[in-house]
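Peer 1: Input file: data38.cif. Contents: mmCIF, C-alpha atoms and all ligand atoms.
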data_final
#
loop_
_atom_site.label_atom_id
_atom_site.label_comp_id
_atom_site.auth_asym_id
_atom_site.auth_seq_id
_atom_site.Cartn_x
_atom_site.Cartn_y
_atom_site.Cartn_z
CA MET A 1 -0.71 -20.86 7.45
CA ASN A 2 -1.35 -20.76 3.77
CA LYS A 3 -0.10 -17.97 1.55
CA ASN A 4 -2.55 -19.14 -1.11
CA LEU A 5 -5.51 -18.16 1.05
CA ARG A 6 -4.55 -14.50 0.94
CA LYS A 7 -5.42 -12.01 -1.75
CA VAL A 8 -2.38 -10.97 -3.76
CA VAL A 9 -2.49 -7.23 -4.43
CA ILE A 10 -0.07 -5.58 -6.84
CA ALA A 11 -0.47 -1.86 -6.36
CA GLY A 12 1.17 1.05 -8.14
CA ASN A 13 1.71 4.32 -6.33
CA TRP A 14 1.98 6.99 -8.98
CA LYS A 15 2.69 9.68 -6.33
CA MET A 16 2.56 13.21 -7.84
CA ASN A 17 3.14 12.05 -11.40
CA LYS A 18 1.20 12.25 -14.69
CA THR A 19 -1.27 14.83 -15.92
CA ALA A 20 -4.77 13.70 -16.91
CA THR A 21 -3.64 13.43 -20.53
CA GLU A 22 -0.58 11.40 -19.56
CA THR A 23 -2.73 9.25 -17.27
CA LYS A 24 -4.95 8.25 -20.19
CA ALA A 25 -1.93 7.41 -22.32
CA LEU A 26 -0.20 5.32 -19.66
CA LEU A 27 -3.39 3.45 -18.80
CA ALA A 28 -3.97 2.68 -22.49
CA GLU A 29 -0.49 1.15 -22.56
CA MET A 30 -1.14 -0.75 -19.33
CA LYS A 31 -4.35 -2.20 -20.75
CA GLU A 32 -2.37 -3.57 -23.69
CA LYS A 33 0.54 -4.94 -21.71
CA LEU A 34 -0.81 -6.24 -18.40
CA PRO A 35 -1.08 -10.04 -18.34
CA GLN A 36 -4.09 -12.04 -17.18
CA THR A 37 -3.81 -12.62 -13.46
CA ASP A 38 -5.66 -13.77 -10.38
CA ALA A 39 -3.97 -10.98 -8.44
CA THR A 40 -5.76 -7.72 -7.76
CA ILE A 41 -4.22 -4.96 -9.86
CA LEU A 42 -4.45 -1.48 -8.43
CA LEU A 43 -3.11 1.88 -9.51
CA CYS A 44 -3.23 4.72 -6.98
CA VAL A 45 -3.22 7.92 -8.98
CA PRO A 46 -3.30 11.59 -7.90
CA ALA A 47 -6.81 12.44 -6.66
CA ILE A 48 -7.40 14.95 -9.44
CA ASN A 49 -6.99 12.18 -12.02
CA ILE A 50 -9.16 9.53 -10.37
CA GLY A 51 -12.20 10.34 -12.55
CA THR A 52 -10.16 10.23 -15.76
CA ALA A 53 -8.44 7.02 -14.68
CA MET A 54 -11.73 5.33 -13.72
CA GLU A 55 -13.11 6.17 -17.14
CA SER A 56 -9.99 4.77 -18.85
CA VAL A 57 -10.05 1.40 -17.07
CA LYS A 58 -13.78 0.74 -17.34
CA GLY A 59 -14.45 -2.90 -18.20
CA THR A 60 -10.89 -4.01 -17.33
CA ALA A 61 -9.44 -5.73 -14.26
CA ILE A 62 -7.49 -2.62 -13.26
CA ASN A 63 -8.64 -0.93 -10.04
CA ILE A 64 -8.03 2.75 -9.39
CA GLY A 65 -7.15 3.85 -5.87
CA ALA A 66 -6.32 7.00 -3.93
CA GLN A 67 -3.12 8.06 -2.16
CA ASN A 68 -4.69 9.65 0.90
CA CYS A 69 -8.05 10.39 2.50
CA HIS A 70 -9.19 12.79 5.21
CA TRP A 71 -10.80 11.45 8.38
CA ALA A 72 -13.74 13.85 8.56
CA LYS A 73 -16.99 13.17 6.71
CA ASN A 74 -16.94 16.70 5.31
CA GLY A 75 -16.37 20.25 6.53
CA ALA A 76 -13.92 23.11 6.66
CA PHE A 77 -10.74 21.27 5.64
CA THR A 78 -9.55 23.19 2.59
CA ALA A 79 -7.96 21.01 -0.11
CA GLU A 80 -8.75 17.74 1.65
CA ILE A 81 -10.72 14.82 0.19
CA SER A 82 -13.15 12.63 2.12
CA ALA A 83 -13.73 8.89 1.96
CA ASP A 84 -17.27 9.48 0.69
CA MET A 85 -15.90 11.55 -2.20
CA LEU A 86 -13.57 8.69 -3.12
CA ASN A 87 -16.31 6.13 -2.67
CA ASP A 88 -18.56 8.08 -5.02
CA PHE A 89 -15.97 7.56 -7.77
CA GLY A 90 -15.96 3.81 -7.07
CA VAL A 91 -12.61 3.87 -5.26
CA LYS A 92 -12.08 0.71 -3.20
CA TYR A 93 -8.51 1.27 -1.93
CA ALA A 94 -6.54 4.18 -0.50
CA ILE A 95 -2.90 4.36 0.56
CA ILE A 96 -2.73 5.70 4.12
CA GLY A 97 0.33 6.89 6.03
CA HIS A 98 2.87 6.61 3.23
CA SER A 99 6.29 7.57 4.55
CA GLU A 100 6.33 10.66 2.30
CA ARG A 101 3.14 11.82 4.05
CA ARG A 102 4.76 11.13 7.42
CA GLN A 103 8.02 12.84 6.41
CA TYR A 104 6.74 15.94 4.58
CA PHE A 105 3.14 16.46 5.70
CA GLY A 106 3.13 15.80 9.42
CA GLU A 107 1.33 12.47 9.27
CA THR A 108 1.46 10.61 12.59
CA ASP A 109 0.31 7.16 13.72
CA GLU A 110 -2.74 8.89 15.23
CA THR A 111 -3.76 10.57 11.96
CA VAL A 112 -3.04 7.33 10.10
CA ASN A 113 -5.47 5.60 12.45
CA LYS A 114 -8.17 8.24 11.92
CA ARG A 115 -7.81 8.21 8.14
CA ALA A 116 -7.83 4.40 7.98
CA LYS A 117 -10.99 4.23 10.08
CA ALA A 118 -12.72 6.81 7.88
CA CYS A 119 -11.86 4.68 4.84
CA LEU A 120 -13.27 1.54 6.45
CA GLU A 121 -16.48 3.32 7.38
CA SER A 122 -16.97 4.18 3.70
CA GLY A 123 -16.17 0.70 2.44
CA ILE A 124 -12.66 1.59 1.27
CA SER A 125 -9.75 -0.70 2.13
CA PRO A 126 -6.87 1.31 3.58
CA ILE A 127 -3.36 0.26 2.57
CA ILE A 128 -1.60 1.21 5.78
CA CYS A 129 2.09 1.90 5.31
CA VAL A 130 4.70 1.19 7.96
CA GLY A 131 8.48 1.13 7.81
CA GLU A 132 11.70 2.12 9.53
CA ASN A 133 14.20 4.71 8.32
CA LEU A 134 17.89 4.04 7.77
CA ASP A 135 18.95 5.33 11.17
CA GLU A 136 16.42 3.06 12.88
CA ARG A 137 17.58 0.03 10.86
CA GLU A 138 21.21 0.76 11.70
CA LYS A 139 20.36 1.11 15.39
CA ASP A 140 18.67 -2.29 15.13
CA ILE A 141 15.31 -0.97 16.35
CA THR A 142 13.30 -1.85 13.21
CA LYS A 143 10.93 -4.17 15.06
CA ASP A 144 10.28 -1.65 17.84
CA VAL A 145 9.42 1.02 15.27
CA ILE A 146 7.12 -1.32 13.35
CA ARG A 147 5.40 -2.49 16.53
CA VAL A 148 4.54 1.07 17.57
CA GLN A 149 3.32 1.98 14.06
CA ILE A 150 1.13 -1.14 13.94
CA GLU A 151 -0.27 -0.79 17.46
CA LYS A 152 -1.07 2.92 17.14
CA GLY A 153 -2.05 2.85 13.47
CA LEU A 154 -4.52 0.02 14.08
CA ALA A 155 -5.84 1.26 17.44
CA ASP A 156 -9.48 0.29 18.02
CA PHE A 157 -9.64 -1.81 14.87
CA THR A 158 -11.97 -4.81 14.99
CA ALA A 159 -10.89 -8.10 13.41
CA GLU A 160 -13.30 -7.27 10.60
CA ASP A 161 -11.60 -3.89 10.05
CA MET A 162 -8.28 -5.68 9.92
CA LYS A 163 -9.49 -8.19 7.35
CA ASN A 164 -10.62 -5.29 5.17
CA SER A 165 -7.23 -3.57 5.40
CA ILE A 166 -3.87 -4.14 3.78
CA ILE A 167 -0.50 -3.51 5.40
CA ALA A 168 2.40 -2.28 3.27
CA TYR A 169 5.86 -2.74 4.74
CA GLU A 170 8.01 -0.06 3.17
CA PRO A 171 11.47 0.50 4.65
CA VAL A 172 12.01 4.24 4.14
CA TRP A 173 15.63 3.69 3.10
CA ALA A 174 14.47 1.56 0.18
CA ILE A 175 11.90 3.97 -1.25
CA GLY A 176 12.95 5.59 -4.51
CA THR A 177 16.59 4.85 -3.74
CA GLY A 178 17.11 1.76 -5.86
CA LYS A 179 18.13 0.00 -2.62
CA THR A 180 15.72 -2.88 -2.12
CA ALA A 181 15.51 -4.80 1.11
CA THR A 182 16.74 -8.31 0.40
CA ALA A 183 13.94 -10.84 0.13
CA GLN A 184 15.04 -12.21 3.52
CA GLN A 185 15.03 -8.76 5.19
CA ALA A 186 11.58 -8.02 3.76
CA GLU A 187 10.23 -11.43 4.74
CA GLU A 188 11.56 -11.11 8.27
CA VAL A 189 9.66 -7.87 8.89
CA CYS A 190 6.49 -8.99 7.06
CA ALA A 191 6.47 -12.18 9.17
CA TYR A 192 6.91 -10.03 12.28
CA ILE A 193 3.97 -7.85 11.23
CA ARG A 194 1.81 -10.97 10.84
CA GLU A 195 2.92 -12.09 14.29
CA LEU A 196 1.86 -8.71 15.72
CA LEU A 197 -1.51 -8.97 13.94
CA ALA A 198 -2.00 -12.44 15.39
CA GLY A 199 -1.39 -11.04 18.88
CA LEU A 200 -3.86 -8.21 18.32
CA PHE A 201 -6.61 -9.91 16.29
CA GLY A 202 -6.03 -13.65 16.51
CA ASN A 203 -4.27 -16.03 14.15
CA GLU A 204 -7.17 -16.59 11.76
CA THR A 205 -7.41 -12.87 11.03
CA ALA A 206 -3.64 -12.45 10.80
CA GLN A 207 -3.43 -15.25 8.24
CA ALA A 208 -6.06 -13.56 6.09
CA VAL A 209 -4.42 -10.13 5.86
CA THR A 210 -2.55 -9.13 2.72
CA ILE A 211 0.89 -7.76 3.57
CA GLN A 212 2.75 -6.01 0.77
CA TYR A 213 6.39 -5.10 0.42
CA GLY A 214 7.31 -1.73 -1.09
CA GLY A 215 10.60 0.03 -1.74
CA SER A 216 12.35 -0.15 -5.11
CA MET A 217 10.43 -3.26 -6.13
CA ASN A 218 11.04 -3.69 -9.83
CA ALA A 219 10.84 -6.08 -12.77
CA LYS A 220 14.08 -7.76 -11.71
CA ASN A 221 13.55 -8.36 -7.99
CA ALA A 222 9.74 -8.82 -7.83
CA ALA A 223 9.71 -12.59 -8.36
CA GLU A 224 12.01 -13.29 -5.43
CA LEU A 225 10.19 -10.90 -3.08
CA LEU A 226 6.71 -12.13 -4.03
CA ALA A 227 7.74 -15.75 -3.52
CA MET A 228 8.27 -15.13 0.20
CA GLU A 229 5.79 -16.77 2.57
CA ASN A 230 4.59 -13.53 4.17
CA ILE A 231 4.80 -11.14 1.20
CA ASP A 232 1.43 -11.07 -0.52
CA GLY A 233 1.95 -8.29 -2.98
CA GLY A 234 3.78 -5.09 -3.71
CA LEU A 235 3.39 -1.35 -3.42
CA ILE A 236 5.36 -0.08 -6.35
CA GLY A 237 6.38 3.52 -7.01
CA GLY A 238 8.83 4.19 -9.84
CA ALA A 239 8.30 0.91 -11.68
CA SER A 240 4.52 1.45 -11.77
CA LEU A 241 5.05 4.42 -14.08
CA LYS A 242 6.39 2.13 -16.81
CA ALA A 243 3.78 -0.19 -18.33
CA GLU A 244 6.36 -2.76 -19.38
CA ASP A 245 7.96 -3.01 -15.92
CA PHE A 246 4.64 -3.03 -14.09
CA ALA A 247 3.40 -5.79 -16.41
CA THR A 248 6.46 -7.88 -15.58
CA ILE A 249 5.83 -7.40 -11.84
CA VAL A 250 2.20 -8.44 -12.27
CA SER A 251 3.31 -11.56 -14.14
CA CYS A 252 5.58 -12.44 -11.19
CA ALA A 253 2.48 -12.56 -8.97
CA ASN A 254 1.00 -15.40 -11.01
P1 LIG B 1 9.52 3.02 -5.10
O1 LIG B 1 8.33 3.60 -4.19
O2 LIG B 1 9.02 1.73 -5.68
O3 LIG B 1 9.77 4.07 -6.14
O4 LIG B 1 10.68 2.82 -4.20
C1 LIG B 1 7.53 2.76 -3.41
C2 LIG B 1 6.54 3.59 -2.63
O5 LIG B 1 6.91 4.70 -2.20
O6 LIG B 1 5.38 3.19 -2.41
#
Would you put the structure from the file into structure tokens?
Peer 2:
Amino acid sequence: MNKNLRKVVIAGNWKMNKTATETKALLAEMKEKLPQTDATILLCVPAINIGTAMESVKGTAINIGAQNCHWAKNGAFTAEISADMLNDFGVKYAIIGHSERRQYFGETDETVNKRAKACLESGISPIICVGENLDEREKDITKDVIRVQIEKGLADFTAEDMKNSIIAYEPVWAIGTGKTATAQQAEEVCAYIRELLAGLFGNETAQAVTIQYGGSMNAKNAAELLAMENIDGGLIGGASLKAEDFATIVSCAN
């Protein structure tokens, strides 16, 4: 029942942005500007820059995460990266099933499930992304879409797996468009996700899971979104590439 029992996670998704040199520079700025917080701060950078980023944030409260992870332990999967490889860098979080992966790279609920399980096996918390597109919202089938993504994406999860995972609700129509879901729209779906989790894993587990909102979250709208009962953090794209804006969002989590 209590929002305060859940871990607040403010995560940046840098997507395919920043070279290693630029990564160092932006992280140096972040280190200066980010406020003290009880929230978990996470920046998911391109895989090639994870080592550089880890080095840059050593001794700070900033966590570095990944944006994807393959499901196999190892093998003939050219260009892919395994959970063990991420783990070896000290990565504790990986975004799984982002809508851009679903849209452009053939990600399905089944592959999301496999990737998330591989993360969990290696001690990495998957941030599992779900969300409807504009057509689905306009047809008023948002909840049906979310239910299928949750049920298939979390297939065969134990309650323990669930507690070690994060769900990010990201309406596709709000990503990178400047169109944010209103705090009420976001809360409605996040509350529905928690209801689904309660049905699948029991209420105690559902109450413990961090559910983030993502989609044009920025320095101006973060406070209102993060104040909602069932929104326990953010997955932030564009605004996580600006130290000043990301710092303001983090301060809203306090
Ligand atoms: P945005 O991206 O904040 O730029 O809309 C969010 C995301 O894709 O995770």
Peer 1: Report, as JSON, the centre and edge lengths in Å (one decimal) of the axis-aligned box enclosing every listed atom of range 138-145 of chain A, padded by 4 Å on each side.
Peer 2:
{"center_x": 15.3, "center_y": -1.5, "center_z": 14.8, "size_x": 19.8, "size_y": 13.3, "size_z": 14.1}
Peer 1: How many Å separate CA of Ala243 in chain A from CA of Asn164 in chain A?
Peer 2: 28.0 Å
Peer 1: Would you compute the distance between CA of Asn17 in chain A and CA of Asn87 in chain A? Give it in Å to one decimal.
Peer 2: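 Distance between the two atoms: 22.1 Å.
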Peer 1: Could you check which of A:Gly65, A:Gly178, A:Lys117, A:Ile95 is closest to Lys220 in chain A, using only C-alpha atoms?
Peer 2: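 Ranking A:Gly65, A:Gly178, A:Lys117, A:Ile95 by distance to Lys220 in chain A, first place goes to A:Gly178.
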Peer 1: Neighbours of ligand LIG 1 (chain B) at 7 Å or closer, counting all atoms listed in the file: which residues, as an NGL selection string?
Peer 2: :A and (13 or 170 or 174-178 or 214-217 or 235-239)
Peer 1: Just want the 9 Å neighbourhood of Leu120 in chain A, counted on all atoms listed in the file, with same-chain residues fewer than 5 positions away dropped. Output as a PDB file with C-alpha atoms, in the frame of the given file.
Peer 2:
ATOM      1  CA  ALA A  83     -13.730   8.890   1.960  1.00  0.00           C
ATOM      2  CA  ARG A 115      -7.810   8.210   8.140  1.00  0.00           C
ATOM      3  CA  SER A 125      -9.750  -0.700   2.130  1.00  0.00           C
ATOM      4  CA  PRO A 126      -6.870   1.310   3.580  1.00  0.00           C
ATOM      5  CA  ASP A 161     -11.600  -3.890  10.050  1.00  0.00           C
ATOM      6  CA  ASN A 164     -10.620  -5.290   5.170  1.00  0.00           C
ATOM      7  CA  SER A 165      -7.230  -3.570   5.400  1.00  0.00           C
TER       8      SER A 165
END
Peer 1: Quick check, in Å to one decimal: how far apart do CA of Asp38 in chain A and CA of Thr210 in chain A lie?
Peer 2: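 Pair CA of Asp38 in chain A / CA of Thr210 in chain A returns 14.2 Å.
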Peer 1: I'd like to know which of A:Ala155, A:Val8, A:Ala53, A:Ala223 is closest to Ala28 in chain A, using only C-alpha atoms.
Peer 2: A:Ala53
Peer 1: Which of these residues is nearest to Val250 in chain A, using all atoms listed in the file: A:Lys33, A:Lys7, A:Arg102, A:Lys18?
Peer 2: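 Closest to Val250 in chain A of all the choices is A:Lys33.
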Peer 1: Which residue is closest to Ala186 in chain A? Choose from A:Ile166, A:Ala206, A:Leu225, A:Ile150 and count only C-alpha atoms.
Peer 2: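 Of all the options, A:Leu225 lies closest to Ala186 in chain A.
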Peer 1: Out of A:Ala25, A:Ala168, A:Leu241, A:Ala159, which residue has the shortest atom-to-atom distance to Gln207 in chain A when counting only C-alpha atoms?
Peer 2: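 With only C-alpha atoms as the atom set, the closest residue is A:Ala159.
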Peer 1: Which is closest to Gln212 in chain A among A:Asp232, A:Glu224, A:Glu136, A:Glu80, if we use all atoms listed in the file?
Peer 2: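 Answer, going by the shortest atom-to-atom distance: A:Asp232.
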Peer 1: Residues near Val189 in chain A, anyone? I mean within 10 Å using all atoms listed in the file, not counting same-chain ones fewer than 2 positions away, as a list in words.
Peer 2: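 Returned residues: Gly131, Thr142, Lys143, Ile146, Tyr169, Glu170, Pro171, Gln184, Gln185, Ala186, Glu187, Ala191, Tyr192, Ile193, Arg194, Glu195, Tyr213, Asn230 and Ile231 of chain A.
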Peer 1: Got a sec: who's within 10 Å of Asp109 in chain A, counting only C-alpha atoms, leaving out chain neighbours fewer than 4 positions off, as a list of chain:residue names?
Peer 2: A:Gly97, A:Arg102, A:Asn113, A:Lys114, A:Arg115, A:Val130, A:Val148, A:Gln149, A:Ile150, A:Glu151, A:Lys152, A:Gly153, A:Leu154, A:Ala155
Peer 1: Identify the residues around (-12.5, 10.9, -1.8) within a radius of 10 Å, measuring from all atoms listed in the file in the coordinates stated by the file, and give them as number ranges by chain.
Peer 2: A: 47, 50, 65-70, 73, 80-91, 94, 119, 122, 124
